[in-house]
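A.B. asks: For reference, the structure I am asking about is given below.
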Amino acid sequence: MRKMSGEAAASGHRFEIAVDCAAPELLAQAEELAARLGLPLAENGARHQLLLRCTAEGLELLKPDDPQLRGPLRVDFTAGAMDFRRKQPGKELLLRAVGCKTGRPLAVLDATGGLGRDSFLLAAAGCTVHVFEREPVQAALLADGLERARQCPDTAAIAARIRLTAGDVLPFLHEMRTQGQVVDAIYFDPMFPERRKSALVKKEAQLLQLLAQPASPAAEKELLAAARAVSHRVAVKRPAKATFLGEAAPSHSLVGATVRFDVYLSSSGQPSTSQ
């Protein structure tokens, strides 16, 4: 493939990323994606640290120079473990954390979409979900997975309850507060810090950590405060033994085997105004 002029605009990445396609008929799609994300097209025979590849099965991310991470990462809501989880929502601590109950669908804002699995589980339980993802490549992967879910009869209705915004959620939360808007619940799953032993981190988590660094403690504290200002219920996913986000003790926690959900409630039933 020919290379686009100029360098990748996504300067926040720690690794060079190029856009590729698996077949000639997908070249136009790859060119459009590369232009939209400000990334170069992959060169024939060149070695690239990360590839964002258009395939007939969907958009995928690869790290071809790493034997441990060579397999593709693709967002798929229609099969495998994701399909199993959406069919058994009663076992999900996430639903309890955001206050979702049978017959009481909520409007939920997912502030850190990632691969969208938690948003999809919330939508499968009947919630309407506005999901934000600020990392452009992750947002593109998520958008592709949602579009394929909309085309599948088994998942179309669920995907229709999800709205994706590619961008930082913080300005949106500030605008909500300015306009006096509130939402039933806000959920976010900050990127876990990198672990020293790569075997302890799943392949997909390692790939996502290559795209962007976890937020600083100060940024996470600001996000939590902004979320609490526009919702009386905020749920935060953390490693089971991690400290509280922003050193703010939650109202209560729901603890699983490896992760926990810290729940922040406003005692007055109204969003908190504390910063």
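Here's how to read the names in the structure tokens: chain A, B, ... by the order shown, residue numbers from 1 in each chain, ligand numbers from 1 in the order shown.
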Quick one: residues within 10 Å of Gly180 of chain A, only C-alpha atoms counted, chain neighbours fewer than 5 positions away excluded, as a ChimeraX atom specification?

C.D. replies: /A:174-175,229-230

A.B. asks: Output the selection as a PDB file, in the first residue's frame - N, CA, C and O atoms for each residue.

C.D. replies:
```pdb
ATOM      1  N   HIS A 174     -18.800  18.868  32.370  1.00  0.00           N
ATOM      2  CA  HIS A 174     -18.841  20.262  32.803  1.00  0.00           C
ATOM      3  C   HIS A 174     -20.031  20.990  32.168  1.00  0.00           C
ATOM      4  O   HIS A 174     -20.694  21.807  32.824  1.00  0.00           O
ATOM      5  N   GLU A 175     -20.294  20.700  30.891  1.00  0.00           N
ATOM      6  CA  GLU A 175     -21.436  21.331  30.213  1.00  0.00           C
ATOM      7  C   GLU A 175     -22.753  20.871  30.830  1.00  0.00           C
ATOM      8  O   GLU A 175     -23.689  21.663  30.973  1.00  0.00           O
ATOM      9  N   ALA A 229     -20.869  15.468  40.303  1.00  0.00           N
ATOM     10  CA  ALA A 229     -21.606  16.727  40.244  1.00  0.00           C
ATOM     11  C   ALA A 229     -22.856  16.637  39.371  1.00  0.00           C
ATOM     12  O   ALA A 229     -23.728  17.506  39.464  1.00  0.00           O
ATOM     13  N   VAL A 230     -22.970  15.591  38.532  1.00  0.00           N
ATOM     14  CA  VAL A 230     -24.119  15.517  37.628  1.00  0.00           C
ATOM     15  C   VAL A 230     -24.877  14.199  37.759  1.00  0.00           C
ATOM     16  O   VAL A 230     -25.716  13.878  36.916  1.00  0.00           O
TER      17      VAL A 230
END
```

A.B. asks: Report the closest atom pair, with its distance in Å rounded to one decimal, for each residue of segment 125-232 of chain A that has an atom no farther than 9 Å from segment 107-115 of chain A; count only C-alpha atoms, sort by chain and then rising residue number, and write it as JSON lines.

C.D. replies:
```
{"residue": "A:Cys127", "atom": "CA", "partner": "A:Ala107", "partner_atom": "CA", "distance": 5.8}
{"residue": "A:Thr128", "atom": "CA", "partner": "A:Ala107", "partner_atom": "CA", "distance": 5.0}
{"residue": "A:Val129", "atom": "CA", "partner": "A:Val108", "partner_atom": "CA", "distance": 4.9}
{"residue": "A:His130", "atom": "CA", "partner": "A:Leu109", "partner_atom": "CA", "distance": 4.9}
{"residue": "A:Val131", "atom": "CA", "partner": "A:Asp110", "partner_atom": "CA", "distance": 4.5}
{"residue": "A:Phe132", "atom": "CA", "partner": "A:Ala111", "partner_atom": "CA", "distance": 5.2}
{"residue": "A:Glu133", "atom": "CA", "partner": "A:Gly113", "partner_atom": "CA", "distance": 5.0}
{"residue": "A:Arg134", "atom": "CA", "partner": "A:Thr112", "partner_atom": "CA", "distance": 7.7}
{"residue": "A:Glu135", "atom": "CA", "partner": "A:Gly114", "partner_atom": "CA", "distance": 8.4}
{"residue": "A:Gln138", "atom": "CA", "partner": "A:Gly114", "partner_atom": "CA", "distance": 6.4}
{"residue": "A:Ala139", "atom": "CA", "partner": "A:Gly114", "partner_atom": "CA", "distance": 7.5}
{"residue": "A:Leu141", "atom": "CA", "partner": "A:Leu115", "partner_atom": "CA", "distance": 7.4}
{"residue": "A:Leu142", "atom": "CA", "partner": "A:Leu115", "partner_atom": "CA", "distance": 5.7}
{"residue": "A:Gly145", "atom": "CA", "partner": "A:Leu115", "partner_atom": "CA", "distance": 8.7}
{"residue": "A:Leu164", "atom": "CA", "partner": "A:Gly113", "partner_atom": "CA", "distance": 8.5}
{"residue": "A:Asp168", "atom": "CA", "partner": "A:Ala111", "partner_atom": "CA", "distance": 8.3}
{"residue": "A:Val169", "atom": "CA", "partner": "A:Ala111", "partner_atom": "CA", "distance": 5.9}
{"residue": "A:Leu170", "atom": "CA", "partner": "A:Ala111", "partner_atom": "CA", "distance": 8.4}
{"residue": "A:Val183", "atom": "CA", "partner": "A:Ala107", "partner_atom": "CA", "distance": 6.2}
{"residue": "A:Asp184", "atom": "CA", "partner": "A:Ala107", "partner_atom": "CA", "distance": 5.4}
{"residue": "A:Ala185", "atom": "CA", "partner": "A:Val108", "partner_atom": "CA", "distance": 4.9}
{"residue": "A:Ile186", "atom": "CA", "partner": "A:Leu109", "partner_atom": "CA", "distance": 4.7}
{"residue": "A:Tyr187", "atom": "CA", "partner": "A:Asp110", "partner_atom": "CA", "distance": 4.9}
{"residue": "A:Phe188", "atom": "CA", "partner": "A:Ala111", "partner_atom": "CA", "distance": 5.1}
{"residue": "A:Asp189", "atom": "CA", "partner": "A:Thr112", "partner_atom": "CA", "distance": 5.9}
{"residue": "A:Pro190", "atom": "CA", "partner": "A:Thr112", "partner_atom": "CA", "distance": 6.7}
{"residue": "A:Met191", "atom": "CA", "partner": "A:Thr112", "partner_atom": "CA", "distance": 8.6}
{"residue": "A:Leu208", "atom": "CA", "partner": "A:Gly114", "partner_atom": "CA", "distance": 8.4}
{"residue": "A:Leu223", "atom": "CA", "partner": "A:Ala111", "partner_atom": "CA", "distance": 8.8}
{"residue": "A:Ala227", "atom": "CA", "partner": "A:Ala111", "partner_atom": "CA", "distance": 8.7}
```

A.B. asks: So which one's closest to Glu31 of chain A, A:Arg53, A:Gly116, A:Pro217, A:Leu224? Using only C-alpha atoms, please.

C.D. replies: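 The closest residue to Glu31 of chain A is A:Arg53.
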
A.B. asks: Using the chain letters and numbers from this document, which residues of segment 10-257 of chain A does DSSP assign to strand (DSSP E or B), as a VMD selection string?

C.D. replies: chain A and resid 17 to 21 41 50 to 55 58 to 62 73 101 104 107 to 110 128 to 133 162 to 166 185 to 188 233 to 239 252 to 255

A.B. asks: Atom CA of Ala235 of chain A and atom CA of Tyr264 of chain A, how far apart in Å?

C.D. replies: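 We find that atom CA of Tyr264 of chain A and atom CA of Ala235 of chain A lie 6.3 Å from each other.
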
A.B. asks: May I ask which of the residues A:Gly167, A:Ala97, A:Ser119, A:Arg150 is the closest one to Asp262 of chain A, counting only C-alpha atoms?

C.D. replies: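 Comparing A:Gly167, A:Ala97, A:Ser119, A:Arg150 against Asp262 of chain A, the winner is A:Ala97.
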
A.B. asks: Can you tell me, as a PyMOL selection string, what residues are no more than 7 Å from segment 18-21 of chain A when counting only C-alpha atoms, ignoring any on the same chain fewer than 3 positions away?

C.D. replies: chain A and resi 26-27+30+34+39-42+48+50-55

A.B. asks: Generate the output file for the selected residues, N, CA and C atoms, as a compact mmCIF listing (two decimals), in the first residue's frame.

C.D. replies:
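Result written to part19.txt:
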```
# COMPACT_ATOMS: atom_id res chain seq x y z
N LEU A 26 -10.77 -3.51 0.05
CA LEU A 26 -10.95 -2.75 1.29
C LEU A 26 -10.03 -1.53 1.36
N LEU A 27 -9.31 -1.26 0.26
CA LEU A 27 -8.36 -0.15 0.26
C LEU A 27 -9.04 1.19 0.49
N ALA A 30 -9.78 1.62 4.07
CA ALA A 30 -8.57 1.90 4.83
C ALA A 30 -8.11 3.33 4.63
N ALA A 34 -7.71 6.03 7.62
CA ALA A 34 -6.41 6.66 7.86
C ALA A 34 -6.54 8.18 7.84
N LEU A 39 -3.64 8.99 10.50
CA LEU A 39 -2.61 7.95 10.56
C LEU A 39 -2.12 7.64 9.15
N PRO A 40 -0.88 7.15 9.02
CA PRO A 40 -0.37 6.78 7.70
C PRO A 40 -0.91 5.43 7.26
N LEU A 41 -0.92 5.21 5.96
CA LEU A 41 -1.21 3.89 5.43
C LEU A 41 0.05 3.02 5.52
N ALA A 42 -0.12 1.75 5.75
CA ALA A 42 1.02 0.83 5.83
C ALA A 42 1.70 0.72 4.47
N HIS A 48 5.86 -2.28 10.86
CA HIS A 48 5.14 -1.29 11.65
C HIS A 48 4.90 -1.87 13.05
N LEU A 50 2.45 -1.16 15.20
CA LEU A 50 1.05 -1.52 15.36
C LEU A 50 0.34 -1.33 14.03
N LEU A 51 -0.59 -2.23 13.73
CA LEU A 51 -1.40 -2.13 12.52
C LEU A 51 -2.88 -2.08 12.90
N LEU A 52 -3.58 -1.13 12.32
CA LEU A 52 -5.04 -1.08 12.41
C LEU A 52 -5.55 -1.54 11.06
N ARG A 53 -6.08 -2.76 11.01
CA ARG A 53 -6.34 -3.43 9.73
C ARG A 53 -7.84 -3.57 9.46
N CYS A 54 -8.23 -3.18 8.24
CA CYS A 54 -9.60 -3.40 7.78
C CYS A 54 -9.69 -4.79 7.17
N THR A 55 -10.62 -5.60 7.69
CA THR A 55 -10.83 -6.95 7.16
C THR A 55 -12.31 -7.15 6.90
```

A.B. asks: Just the residues within 8 Å of Gln49 of chain A, please, counting only C-alpha atoms, with nothing from its chain fewer than 6 positions along; format it as number ranges by chain.

C.D. replies: A: 15-17, 63-65

A.B. asks: Interatomic distance between atom CA of Ala225 of chain A and atom CA of Pro250 of chain A?

C.D. replies: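 A separation of 12.3 Å between them.
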
A.B. asks: Neighbours of Ser266 of chain A within 9 Å (only C-alpha atoms; same-chain residues fewer than 5 positions away dropped), as number ranges by chain?

C.D. replies: A: 228, 231-233, 251, 271-272

A.B. asks: Would you return as a list in words the members of segment 145-198 of chain A that DSSP assigns to alpha helix (DSSP H) on this structure's backbone?

C.D. replies: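 Going through segment 145-198 of chain A, the alpha helix (DSSP H) residues come out as Gly145, Leu146, Glu147, Arg148, Ala149, Arg150, Gln151, Ala156, Ala157, Ile158, Ala159, Leu170, Pro171, Phe172, Leu173, His174, Glu175, Met176, Arg177 and Thr178 of chain A.
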
A.B. asks: Could you save those same residues with N, CA, C and O atoms as a PDB file, in the first residue's frame?

C.D. replies:
```pdb
ATOM      1  N   GLY A 145     -17.332  -2.429  16.064  1.00  0.00           N
ATOM      2  CA  GLY A 145     -18.033  -3.519  16.729  1.00  0.00           C
ATOM      3  C   GLY A 145     -19.511  -3.228  16.920  1.00  0.00           C
ATOM      4  O   GLY A 145     -20.363  -4.116  16.760  1.00  0.00           O
ATOM      5  N   LEU A 146     -19.843  -1.990  17.259  1.00  0.00           N
ATOM      6  CA  LEU A 146     -21.247  -1.623  17.440  1.00  0.00           C
ATOM      7  C   LEU A 146     -22.010  -1.685  16.120  1.00  0.00           C
ATOM      8  O   LEU A 146     -23.172  -2.123  16.079  1.00  0.00           O
ATOM      9  N   GLU A 147     -21.369  -1.249  15.038  1.00  0.00           N
ATOM     10  CA  GLU A 147     -22.033  -1.289  13.743  1.00  0.00           C
ATOM     11  C   GLU A 147     -22.341  -2.728  13.333  1.00  0.00           C
ATOM     12  O   GLU A 147     -23.435  -3.031  12.840  1.00  0.00           O
ATOM     13  N   ARG A 148     -21.405  -3.642  13.560  1.00  0.00           N
ATOM     14  CA  ARG A 148     -21.674  -5.046  13.234  1.00  0.00           C
ATOM     15  C   ARG A 148     -22.746  -5.627  14.153  1.00  0.00           C
ATOM     16  O   ARG A 148     -23.552  -6.460  13.731  1.00  0.00           O
ATOM     17  N   ALA A 149     -22.782  -5.182  15.409  1.00  0.00           N
ATOM     18  CA  ALA A 149     -23.830  -5.645  16.322  1.00  0.00           C
ATOM     19  C   ALA A 149     -25.200  -5.150  15.878  1.00  0.00           C
ATOM     20  O   ALA A 149     -26.215  -5.848  16.054  1.00  0.00           O
ATOM     21  N   ARG A 150     -25.260  -3.964  15.270  1.00  0.00           N
ATOM     22  CA  ARG A 150     -26.539  -3.437  14.765  1.00  0.00           C
ATOM     23  C   ARG A 150     -27.039  -4.233  13.565  1.00  0.00           C
ATOM     24  O   ARG A 150     -28.231  -4.250  13.278  1.00  0.00           O
ATOM     25  N   GLN A 151     -26.117  -4.890  12.866  1.00  0.00           N
ATOM     26  CA  GLN A 151     -26.498  -5.676  11.688  1.00  0.00           C
ATOM     27  C   GLN A 151     -26.885  -7.109  12.041  1.00  0.00           C
ATOM     28  O   GLN A 151     -27.389  -7.841  11.182  1.00  0.00           O
ATOM     29  N   ALA A 156     -29.120  -6.414  17.540  1.00  0.00           N
ATOM     30  CA  ALA A 156     -29.464  -5.111  16.959  1.00  0.00           C
ATOM     31  C   ALA A 156     -30.169  -4.201  17.956  1.00  0.00           C
ATOM     32  O   ALA A 156     -29.855  -3.010  18.065  1.00  0.00           O
ATOM     33  N   ALA A 157     -31.142  -4.744  18.691  1.00  0.00           N
ATOM     34  CA  ALA A 157     -31.904  -3.917  19.634  1.00  0.00           C
ATOM     35  C   ALA A 157     -31.026  -3.415  20.770  1.00  0.00           C
ATOM     36  O   ALA A 157     -31.207  -2.295  21.264  1.00  0.00           O
ATOM     37  N   ILE A 158     -30.070  -4.240  21.201  1.00  0.00           N
ATOM     38  CA  ILE A 158     -29.153  -3.835  22.271  1.00  0.00           C
ATOM     39  C   ILE A 158     -28.242  -2.712  21.784  1.00  0.00           C
ATOM     40  O   ILE A 158     -28.092  -1.679  22.434  1.00  0.00           O
ATOM     41  N   ALA A 159     -27.630  -2.913  20.619  1.00  0.00           N
ATOM     42  CA  ALA A 159     -26.711  -1.909  20.078  1.00  0.00           C
ATOM     43  C   ALA A 159     -27.419  -0.590  19.817  1.00  0.00           C
ATOM     44  O   ALA A 159     -26.809   0.484  19.924  1.00  0.00           O
ATOM     45  N   LEU A 170     -14.834  14.780  29.867  1.00  0.00           N
ATOM     46  CA  LEU A 170     -14.789  15.823  30.882  1.00  0.00           C
ATOM     47  C   LEU A 170     -15.488  17.112  30.451  1.00  0.00           C
ATOM     48  O   LEU A 170     -16.304  17.656  31.220  1.00  0.00           O
ATOM     49  N   PRO A 171     -15.241  17.651  29.244  1.00  0.00           N
ATOM     50  CA  PRO A 171     -15.983  18.854  28.837  1.00  0.00           C
ATOM     51  C   PRO A 171     -17.495  18.634  28.809  1.00  0.00           C
ATOM     52  O   PRO A 171     -18.270  19.539  29.128  1.00  0.00           O
ATOM     53  N   PHE A 172     -17.908  17.433  28.437  1.00  0.00           N
ATOM     54  CA  PHE A 172     -19.339  17.120  28.404  1.00  0.00           C
ATOM     55  C   PHE A 172     -19.936  17.153  29.806  1.00  0.00           C
ATOM     56  O   PHE A 172     -21.035  17.681  30.019  1.00  0.00           O
ATOM     57  N   LEU A 173     -19.214  16.593  30.785  1.00  0.00           N
ATOM     58  CA  LEU A 173     -19.701  16.616  32.163  1.00  0.00           C
ATOM     59  C   LEU A 173     -19.799  18.045  32.690  1.00  0.00           C
ATOM     60  O   LEU A 173     -20.757  18.401  33.387  1.00  0.00           O
ATOM     61  N   HIS A 174     -18.800  18.868  32.370  1.00  0.00           N
ATOM     62  CA  HIS A 174     -18.841  20.262  32.803  1.00  0.00           C
ATOM     63  C   HIS A 174     -20.031  20.990  32.168  1.00  0.00           C
ATOM     64  O   HIS A 174     -20.694  21.807  32.824  1.00  0.00           O
ATOM     65  N   GLU A 175     -20.294  20.700  30.891  1.00  0.00           N
ATOM     66  CA  GLU A 175     -21.436  21.331  30.213  1.00  0.00           C
ATOM     67  C   GLU A 175     -22.753  20.871  30.830  1.00  0.00           C
ATOM     68  O   GLU A 175     -23.689  21.663  30.973  1.00  0.00           O
ATOM     69  N   MET A 176     -22.835  19.594  31.195  1.00  0.00           N
ATOM     70  CA  MET A 176     -24.037  19.100  31.870  1.00  0.00           C
ATOM     71  C   MET A 176     -24.299  19.877  33.157  1.00  0.00           C
ATOM     72  O   MET A 176     -25.423  20.285  33.445  1.00  0.00           O
ATOM     73  N   ARG A 177     -23.243  20.098  33.924  1.00  0.00           N
ATOM     74  CA  ARG A 177     -23.407  20.812  35.186  1.00  0.00           C
ATOM     75  C   ARG A 177     -23.843  22.254  34.941  1.00  0.00           C
ATOM     76  O   ARG A 177     -24.719  22.775  35.644  1.00  0.00           O
ATOM     77  N   THR A 178     -23.233  22.894  33.936  1.00  0.00           N
ATOM     78  CA  THR A 178     -23.594  24.270  33.615  1.00  0.00           C
ATOM     79  C   THR A 178     -25.071  24.386  33.254  1.00  0.00           C
ATOM     80  O   THR A 178     -25.748  25.348  33.637  1.00  0.00           O
TER      81      THR A 178
END
```
